[in-house]
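A.B. asks: I am attaching a structure below and will ask some questions about it afterwards.
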Amino acid sequence: MKKTFVVLLMGCALLAACASTDKGGDSSTEASHLNEWGNADITNLEDTQYSERFQKEVQPIIYFEFNSVALTPEAMNVLNTQIEWLKNNSNAMIVIEGHCDERGTREYNLALGERRANAVKEYFSLKGINPNRIRIISYGKERPQELGAGESVWSKNRRAVTIAN
């Protein structure tokens with residue numbers, strides 16, 4: 001009985017591994033496009049279909065106050081232009097990167113960066129962007145925009161960056 005269960009379980013695992021999502025049909029539908037995220041490498045989206053156009057047409061970066069995930073009015077204005085762009089480019093997928101300044105531990109900053117990226121994702125969702133179009137990643141303090149110390153540098157590193165794919 002136990003051997004039969006193990007064989008059955010292995011068969012199910014094999015079938016699941018061989019299963020594929022339907023990429024045929026009308027690829028312009030949002031449902032089929034959303035399946036394209038799959039196992040995409042969201043850490044390297046600099047040269048994707050929409051990335052250059054997005055960066056030219058809208059500001060991709062918002063900034064945060066020290067130790068905060070609250071969206072400032074200035075940040076919301078930037079995000080609103082991103083939202084309009086996303087509504088006009090309904091096949092574009094996005095990655096939101098969360099970043100922090102150098103202060104604090106690596107673990108703390110990774111968690112804070114994730115909360116910052118999630119704050120942007122939640123704002124987009126509230127404004128009508130399908131959350132399935134959005135992936136988030138936190139880099140914590142690992143990818144500073146500017147090197148150095150002091151508030152003028154730190155304030156540029158406390159950010160969320162939206163990248164279109």
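Residues in the structure tokens are named by chain (A, B, ... in the order shown) and by number from 1 within that chain; ligands are numbered from 1 in the order shown.
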Residues near range 102-118 of chain A, anyone? I mean within 10 Å using only C-alpha atoms, not counting same-chain ones fewer than 2 positions away, as a VMD selection string.
C.D. replies: chain A and resid 63 to 64 66 to 71 95 to 100 120 to 124 134 to 144 147 to 149 153 to 154 157 to 162
A.B. asks: Create the file for the chosen residues now, containing C-alpha atoms and written as a tab-separated table (two decimals), in the first residue's frame.
C.D. replies:
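Resulting contents of part_23.tsv:
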```tsv
chain	number	residue	atom	x	y	z
A	63	TYR	CA	11.91	58.62	-2.72
A	64	PHE	CA	11.08	57.88	0.91
A	66	PHE	CA	14.15	57.93	6.68
A	67	ASN	CA	12.86	54.60	8.02
A	68	SER	CA	9.51	55.11	6.28
A	69	VAL	CA	7.29	53.34	3.78
A	70	ALA	CA	4.78	56.19	3.58
A	71	LEU	CA	4.23	57.63	0.12
A	95	VAL	CA	9.07	45.13	-11.31
A	96	ILE	CA	9.26	47.44	-8.33
A	97	GLU	CA	12.63	47.54	-6.61
A	98	GLY	CA	12.83	48.62	-2.98
A	99	HIS	CA	16.05	50.30	-1.82
A	100	CYS	CA	17.42	51.74	1.43
A	120	VAL	CA	4.02	51.05	-4.33
A	121	LYS	CA	2.41	47.80	-5.47
A	122	GLU	CA	-0.56	48.41	-3.16
A	123	TYR	CA	-0.93	51.97	-4.46
A	124	PHE	CA	-0.92	50.71	-8.04
A	134	ILE	CA	3.62	43.50	-10.75
A	135	ARG	CA	6.59	41.79	-9.14
A	136	ILE	CA	8.62	43.22	-6.31
A	137	ILE	CA	12.19	42.75	-5.20
A	138	SER	CA	14.17	44.30	-2.36
A	139	TYR	CA	17.80	45.16	-2.66
A	140	GLY	CA	18.01	46.76	0.78
A	141	LYS	CA	21.22	48.75	0.90
A	142	GLU	CA	23.03	46.54	-1.65
A	143	ARG	CA	22.53	48.78	-4.73
A	144	PRO	CA	22.96	52.41	-3.74
A	147	LEU	CA	27.92	56.33	-2.76
A	148	GLY	CA	28.97	58.26	0.31
A	149	ALA	CA	27.54	59.36	3.61
A	153	VAL	CA	23.41	60.89	-0.28
A	154	TRP	CA	21.16	58.80	1.96
A	157	ASN	CA	19.22	55.83	-1.79
A	158	ARG	CA	15.86	55.56	0.02
A	159	ARG	CA	13.81	54.82	-3.05
A	160	ALA	CA	11.57	52.57	-5.09
A	161	VAL	CA	12.36	52.08	-8.76
A	162	THR	CA	9.75	50.92	-11.26
```
A.B. asks: Write out as a ChimeraX atom specification all residues of range 56-98 of chain A that DSSP puts in strand (DSSP E or B) for this structure's backbone.
C.D. replies: /A:61-63,94-98
A.B. asks: Hey, can you spit out that residue selection with N, CA and C atoms as a compact mmCIF listing (two decimals), in the first residue's frame?
C.D. replies:
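Saved to part-v1.txt:
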```txt
# COMPACT_ATOMS: atom_id res chain seq x y z
N ILE A 61 11.51 56.68 -10.56
CA ILE A 61 11.99 56.60 -9.17
C ILE A 61 11.16 57.50 -8.26
N ILE A 62 10.82 56.96 -7.09
CA ILE A 62 10.25 57.77 -6.02
C ILE A 62 11.15 57.64 -4.80
N TYR A 63 11.04 58.60 -3.90
CA TYR A 63 11.91 58.62 -2.72
C TYR A 63 11.08 58.55 -1.44
N ILE A 94 5.61 45.00 -14.73
CA ILE A 94 6.59 45.84 -14.03
C ILE A 94 7.20 45.11 -12.85
N VAL A 95 8.39 45.54 -12.53
CA VAL A 95 9.07 45.13 -11.31
C VAL A 95 9.30 46.39 -10.50
N ILE A 96 9.00 46.32 -9.22
CA ILE A 96 9.26 47.44 -8.33
C ILE A 96 10.39 47.03 -7.40
N GLU A 97 11.47 47.79 -7.47
CA GLU A 97 12.63 47.54 -6.61
C GLU A 97 12.54 48.43 -5.38
N GLY A 98 12.76 47.85 -4.21
CA GLY A 98 12.83 48.62 -2.98
C GLY A 98 14.28 48.77 -2.55
```
